[in-house]
Amino acid sequence: MSLLRRTGMWLVIMLLALSGLSFGQNVSASNPQEVTRGEFTKAIVEALDYELGDGTSHAFTDVDKSLASFVEAAQKHGLVKGTTATTFKPNQKLTREHAFLIASRAVDSDESYPVSLLDKFKDKKAFKTNESQELAKSVGLNIFRGYQDGTAKPQKVIIKGQVKKIIDRVLEVQSQHPGTPSDDTVDLRIMGTSDIHTNFVNYDYYQDAPMQEYGLAKTALLIEEARKENPNNVLLDNGDLIQGTPLGAYKVNVDPLKDGEMHPAFAAFNILKYDAMSLGNHEFNYGLEYLQRVIDGAEMPVINATVLDAETKENKFEPYVMLDRKVKDAQGQSHDLKIGVIGVVTPGIMGWDKSHLGGKVIAEDPVVSVNKFLPKVKKEGADIVVVISHSGIGDETYTPGEENVTYQLSEIDGVDAILTGHDHGLFPGKDYAQLKNVDLEQGKINGTPVVMPGKFGSHLGIIDLQLEKAGDDWKVAGGKGFLREIDKESDKVDQRVIDAVKEAHEGTIEYVRSPVGETKSHITSYFAQVQDDPSVEVLTQAQTWYVKNELKGTEFEKLPLLSVGAPFKAGGRNGSNYYTDIPKGEIAIKNVADLYVHDNTIVALVMTGADVKEWLEMSAGQFNQIDPASSKEQVLVNDDYRSYNFDVIDGVTYEVDVTKPAKYDPSGKTLNEEASRIVNFKYEGNPVDPDQKFVLVTNNYRSNGNFPGVRNASETIEYAYENREAIMDYLIEQKTIDPTADNNWTFVPIDGTPNTVFISAEKAKNFITEGSGIKYIAPTQDGFAKYSIKLK
């Protein structure tokens, strides 16, 4: 429709409105000239001449039939959002800030407008939106203008006479931006989940209680809402699906899959009609035979392009899939669309699950795999290509074979969108703002839309692509990646998911409630990153007990035996509830899983004292360097260092000098060759001889990793026995434990009074012990709090 015709139609609407005839929901009687959300939505949809549907695809329960088709159209074109998943509040008065946000979304511009444009307004502190970039765009496009006194008055309610001016500006700007989607453009929505880790139900098996922070049954509500907004959609998953909670272990060890039985993971996925899934690294934890049995129950393609048969070098799984779709353009015309989907996983699986995969398969670098299959997918007629990358985002520097390479995948010409994961992070998100060519507002890396939707179903990743016909082909005219978070305040779930996994869920609850022993004291991990901790001691004692028996009669029986543990549950990226917290009294299997959350098996390594020290130097990298002369606040724990890499080695004593620089970075690369944080390193009261041999008990993940010292082990003894099983059997034999920390590691006392702080859960303040040097300071956010610690 021409600009003149649109403007003329709008004048008719305004004349009717100003004559007192309502063009939307009823306005507040206090001022009939004030405009509501519903009125403005209807006016702008009519002025932009959007095609109207039947109004049934939106999820808002407070929108009546007369307005439904207009809200539906506005939502489809990205102009409006609900105040919640099910409420729109059409009668709410519309502020200037909100009106200009809606107006800005109506214009598709490739230009970038800095948030600093909002600084021109004297009352910029009055802005309340969390979409500052979009509001800045409306200023840059000259849609949002202030008053002569230099103010914006963003919270002032719009009146009818101002609506025409706003929409006239939108129409004028649209005519100057040919990138605005045309009527024959197809909007394609790609939805994605990642790292579900068997969290299908909103239930914490470790605490044996419902919770609302995650769960696929809650994510499913976002999926259905997003589907209603755009029927041109696909739903993908990025793996790490079948392992992670006691439910995953239950289906392996207690109620194993029978021939022809469907794994609960795919019972849930089938219900939600996933279109494709790619394998994550934890899919390989239980071996290839079990994995194939699980995949057999999938009703959607399960793909992976990086894992090859060790002998034939052929792909072990289908490397990609072509999804054929009937999509509709803005005119309602149908088109055929071919979506090519390639799946890759980090090659780290060959180390982490060496016992299952060694000699059977090999793993390519994901960048190599995508470059290999991209031409094939294009040749088969793919109109667009999506990569499912179970590899973290990484950084600008590329080393073939490294763990996280999604950044490099986004640089490949021909990749139109990426669903990533593995890191349990959020993209778009502030943690990746420092990378080059990252656009957090548009959810792009190197111009490619990317989403990383957290973990356990906490978020749904959405990529909206605008496709335009170019002859017989389609081209991507625009795209944006963004996340939607589940409603943590509501207990509403998709009952279909609950019902699909009901048998496994209830069986798991019964299983984890089985008692195995008793503890005389409360066990927590709230301070396990800053002091020797009983929650780690229980693990190391159980491992020592098991391997000591196993070594009897072997050549290694006389060697000193050490045991390695780490605080697996220590908050961080997994939230303030992610800590071990076992009350005094009965210990059940659920508590054992709370102490040791991973499905690892025990491995013993024979190594020298020098290598044990390097192992500890790597662990000591968890701490930031502290300046003893500074009175400024200094954070002790490095947030980039995962708590499961903070290994404590029991059986030796040592001190950590955090005034010195770290020797290794979090990946194990040398930072300072001459650095040495580990001092007073002793065994049975005597300095450790660098050539002395030890047996160290650890797990298969660590034994196959890249820790300095670990990689120099002269002997590797693998036990087909889970670390968790060792804890359970140890507790059953002991019957009652009274876990305490033996303080075999401490900090080197620091002269002076540096202000050293760290973060733990708010409720950790209830477990501060006298003489620990720890003091509670104040809450921070999301259930966390700040604490100080005296390094003595």
# chains A, B, ... in the order shown; residues from 1 in each chain; ligands from 1

$ select_by_dssp --residues "range 324-565 of chain A" --states "strand (DSSP E or B)" --output "PyMOL selection string"
chain A and resi 324-328+334-345+361-363+384-390+417-420+426-427+438-439+444-445+448-453+459-470+473-485+515-519+523-524+561-565

$ residues_around --residues "Ile167 in chain A" --least-positions-apart "3" --cutoff "10 Å" --atoms "only C-alpha atoms" --output "PDB file with N, CA and C atoms, in the first residue's frame"
ATOM      1  N   THR A   7      -1.560   7.028   4.808  1.00  0.00           N
ATOM      2  CA  THR A   7      -1.758   8.258   5.575  1.00  0.00           C
ATOM      3  C   THR A   7      -3.205   8.711   5.491  1.00  0.00           C
ATOM      4  N   TRP A  10      -5.292   6.640   7.687  1.00  0.00           N
ATOM      5  CA  TRP A  10      -5.055   7.006   9.082  1.00  0.00           C
ATOM      6  C   TRP A  10      -5.796   8.283   9.457  1.00  0.00           C
ATOM      7  N   PHE A  40      -3.790   1.909  20.792  1.00  0.00           N
ATOM      8  CA  PHE A  40      -2.605   2.219  19.987  1.00  0.00           C
ATOM      9  C   PHE A  40      -2.230   1.032  19.107  1.00  0.00           C
ATOM     10  N   ALA A  43      -4.543   0.954  16.141  1.00  0.00           N
ATOM     11  CA  ALA A  43      -4.293   2.070  15.232  1.00  0.00           C
ATOM     12  C   ALA A  43      -3.053   1.847  14.385  1.00  0.00           C
ATOM     13  N   ILE A  44      -1.968   1.378  15.004  1.00  0.00           N
ATOM     14  CA  ILE A  44      -0.730   1.220  14.246  1.00  0.00           C
ATOM     15  C   ILE A  44      -0.805   0.033  13.296  1.00  0.00           C
ATOM     16  N   ALA A  47      -2.793   1.315  10.341  1.00  0.00           N
ATOM     17  CA  ALA A  47      -2.017   2.274   9.563  1.00  0.00           C
ATOM     18  C   ALA A  47      -0.918   1.586   8.753  1.00  0.00           C
ATOM     19  N   LEU A  48      -0.345   0.519   9.281  1.00  0.00           N
ATOM     20  CA  LEU A  48       0.703  -0.216   8.574  1.00  0.00           C
ATOM     21  C   LEU A  48       0.138  -1.252   7.629  1.00  0.00           C
ATOM     22  N   ALA A  99       4.994   3.763  23.809  1.00  0.00           N
ATOM     23  CA  ALA A  99       4.511   4.048  22.457  1.00  0.00           C
ATOM     24  C   ALA A  99       5.659   4.098  21.461  1.00  0.00           C
ATOM     25  N   PHE A 100       6.766   4.743  21.853  1.00  0.00           N
ATOM     26  CA  PHE A 100       7.882   4.868  20.925  1.00  0.00           C
ATOM     27  C   PHE A 100       8.654   3.551  20.782  1.00  0.00           C
ATOM     28  N   ALA A 103       6.597   1.808  18.167  1.00  0.00           N
ATOM     29  CA  ALA A 103       6.828   2.459  16.884  1.00  0.00           C
ATOM     30  C   ALA A 103       8.186   2.072  16.308  1.00  0.00           C
ATOM     31  N   ALA A 106       8.486  -1.261  14.523  1.00  0.00           N
ATOM     32  CA  ALA A 106       7.835  -1.346  13.219  1.00  0.00           C
ATOM     33  C   ALA A 106       8.798  -1.081  12.074  1.00  0.00           C
ATOM     34  N   ILE A 143      11.967   9.269  15.270  1.00  0.00           N
ATOM     35  CA  ILE A 143      10.573   8.978  15.631  1.00  0.00           C
ATOM     36  C   ILE A 143      10.299   9.539  17.024  1.00  0.00           C
ATOM     37  N   GLN A 162      -1.556  12.903  19.731  1.00  0.00           N
ATOM     38  CA  GLN A 162      -0.144  12.569  19.527  1.00  0.00           C
ATOM     39  C   GLN A 162       0.030  11.277  18.737  1.00  0.00           C
ATOM     40  N   VAL A 163      -0.978  10.429  18.731  1.00  0.00           N
ATOM     41  CA  VAL A 163      -0.869   9.138  18.060  1.00  0.00           C
ATOM     42  C   VAL A 163      -0.625   9.324  16.567  1.00  0.00           C
ATOM     43  N   LYS A 164      -1.378  10.258  15.946  1.00  0.00           N
ATOM     44  CA  LYS A 164      -1.220  10.488  14.513  1.00  0.00           C
ATOM     45  C   LYS A 164       0.208  10.928  14.180  1.00  0.00           C
ATOM     46  N   VAL A 170       6.508   7.089  11.678  1.00  0.00           N
ATOM     47  CA  VAL A 170       6.832   5.700  11.354  1.00  0.00           C
ATOM     48  C   VAL A 170       6.689   5.452   9.856  1.00  0.00           C
ATOM     49  N   LEU A 171       5.597   5.916   9.267  1.00  0.00           N
ATOM     50  CA  LEU A 171       5.362   5.719   7.835  1.00  0.00           C
ATOM     51  C   LEU A 171       6.424   6.426   7.001  1.00  0.00           C
ATOM     52  N   GLU A 172       6.813   7.600   7.458  1.00  0.00           N
ATOM     53  CA  GLU A 172       7.846   8.341   6.728  1.00  0.00           C
ATOM     54  C   GLU A 172       9.181   7.607   6.795  1.00  0.00           C
ATOM     55  N   VAL A 173       9.537   7.123   7.984  1.00  0.00           N
ATOM     56  CA  VAL A 173      10.805   6.410   8.152  1.00  0.00           C
ATOM     57  C   VAL A 173      10.787   5.093   7.373  1.00  0.00           C
TER      58      VAL A 173
END

$ residues_around --residues "Leu236 in chain A" --least-positions-apart "2" --cutoff "7 Å" --atoms "only C-alpha atoms" --output "compact mmCIF listing (two decimals) with N, CA, C and O atoms, in the first residue's frame"
# COMPACT_ATOMS: atom_id res chain seq x y z
N MET A 191 13.32 -22.26 17.22
CA MET A 191 13.32 -22.35 18.69
C MET A 191 14.32 -23.42 19.12
O MET A 191 14.47 -24.44 18.43
N GLY A 192 14.98 -23.20 20.25
CA GLY A 192 15.98 -24.16 20.68
C GLY A 192 16.12 -24.30 22.18
O GLY A 192 16.00 -23.32 22.93
N THR A 193 16.40 -25.53 22.63
CA THR A 193 16.73 -25.82 24.01
C THR A 193 18.11 -26.48 24.03
O THR A 193 18.59 -26.98 23.02
N VAL A 234 10.42 -24.09 13.65
CA VAL A 234 11.03 -25.40 13.92
C VAL A 234 11.54 -25.40 15.35
O VAL A 234 11.88 -24.34 15.89
N ASN A 238 19.89 -29.18 21.56
CA ASN A 238 21.34 -29.20 21.41
C ASN A 238 22.03 -30.24 22.29
O ASN A 238 23.23 -30.16 22.51
N TYR A 274 9.48 -32.04 18.79
CA TYR A 274 10.78 -31.53 18.36
C TYR A 274 11.03 -31.97 16.92
O TYR A 274 10.66 -33.07 16.51
N ASP A 275 11.69 -31.11 16.15
CA ASP A 275 11.97 -31.41 14.74
C ASP A 275 13.32 -32.08 14.55
O ASP A 275 13.50 -32.82 13.58
N ALA A 276 14.27 -31.84 15.43
CA ALA A 276 15.58 -32.48 15.33
C ALA A 276 16.35 -32.24 16.62
O ALA A 276 16.11 -31.27 17.33
N MET A 277 17.31 -33.12 16.87
CA MET A 277 18.18 -33.00 18.04
C MET A 277 19.59 -33.38 17.64
O MET A 277 19.79 -34.27 16.81

$ atom_distance --atom1 "CA of Phe70 in chain A" --atom2 "CA of Ile158 in chain A"
19.3 Å

$ closest_atom_pairs --of "range 28-95 of chain A" --to "range 314-329 of chain A" --cutoff "12 Å" --atoms "only C-alpha atoms" --output "JSON lines"
{"residue": "A:Tyr50", "atom": "CA", "partner": "A:Asp329", "partner_atom": "CA", "distance": 11.9}
{"residue": "A:Glu51", "atom": "CA", "partner": "A:Asp329", "partner_atom": "CA", "distance": 10.4}
{"residue": "A:Lys76", "atom": "CA", "partner": "A:Asp329", "partner_atom": "CA", "distance": 11.7}
{"residue": "A:His77", "atom": "CA", "partner": "A:Asp329", "partner_atom": "CA", "distance": 11.9}

$ closest_residue --among "A:Lys480, A:His282, A:Lys475, A:Lys682" --to "Gly461 in chain A" --atoms "only C-alpha atoms"
A:Lys480

$ residues_around --residues "Asn270 in chain A" --least-positions-apart "5" --cutoff "9 Å" --atoms "only C-alpha atoms" --output "PyMOL selection string"
chain A and resi 265+298-300

$ write_last_selection --atoms "all heavy atoms" --output "short mmCIF file (atom, residue, chain, number, x, y, z; two decimals), in the first residue's frame"
data_model
loop_
_atom_site.label_atom_id
_atom_site.label_comp_id
_atom_site.auth_asym_id
_atom_site.auth_seq_id
_atom_site.Cartn_x
_atom_site.Cartn_y
_atom_site.Cartn_z
N ALA A 265 13.21 -39.19 28.11
CA ALA A 265 13.63 -37.97 27.41
C ALA A 265 12.88 -37.82 26.10
O ALA A 265 12.37 -36.73 25.77
CB ALA A 265 15.14 -38.00 27.15
N ALA A 298 13.42 -42.22 19.46
CA ALA A 298 13.16 -40.84 19.03
C ALA A 298 12.31 -40.81 17.79
O ALA A 298 12.53 -41.58 16.84
CB ALA A 298 14.49 -40.12 18.78
N GLU A 299 11.35 -39.92 17.77
CA GLU A 299 10.51 -39.73 16.59
C GLU A 299 11.02 -38.59 15.72
O GLU A 299 10.42 -38.30 14.68
CB GLU A 299 9.06 -39.47 17.01
CG GLU A 299 8.40 -40.67 17.67
CD GLU A 299 6.98 -40.39 18.12
OE1 GLU A 299 6.51 -39.24 17.93
OE2 GLU A 299 6.34 -41.31 18.66
N MET A 300 12.09 -37.95 16.15
CA MET A 300 12.72 -36.89 15.37
C MET A 300 14.14 -37.32 15.01
O MET A 300 14.70 -38.20 15.66
CB MET A 300 12.73 -35.56 16.16
CG MET A 300 13.80 -35.45 17.22
SD MET A 300 13.54 -36.48 18.67
CE MET A 300 11.99 -35.82 19.27
#

$ residues_around --residues "range 774-783 of chain A" --least-positions-apart "4" --cutoff "7 Å" --atoms "only C-alpha atoms" --output "list in words"
Ser576, Ala761, Glu762, Lys765, Ile768, Tyr787, Ser788, Ile789 and Lys790 of chain A

$ residues_around --residues "His197 in chain A" --least-positions-apart "6" --cutoff "9 Å" --atoms "only C-alpha atoms" --output "ChimeraX atom specification"
/A:239-245,248,282,455-457
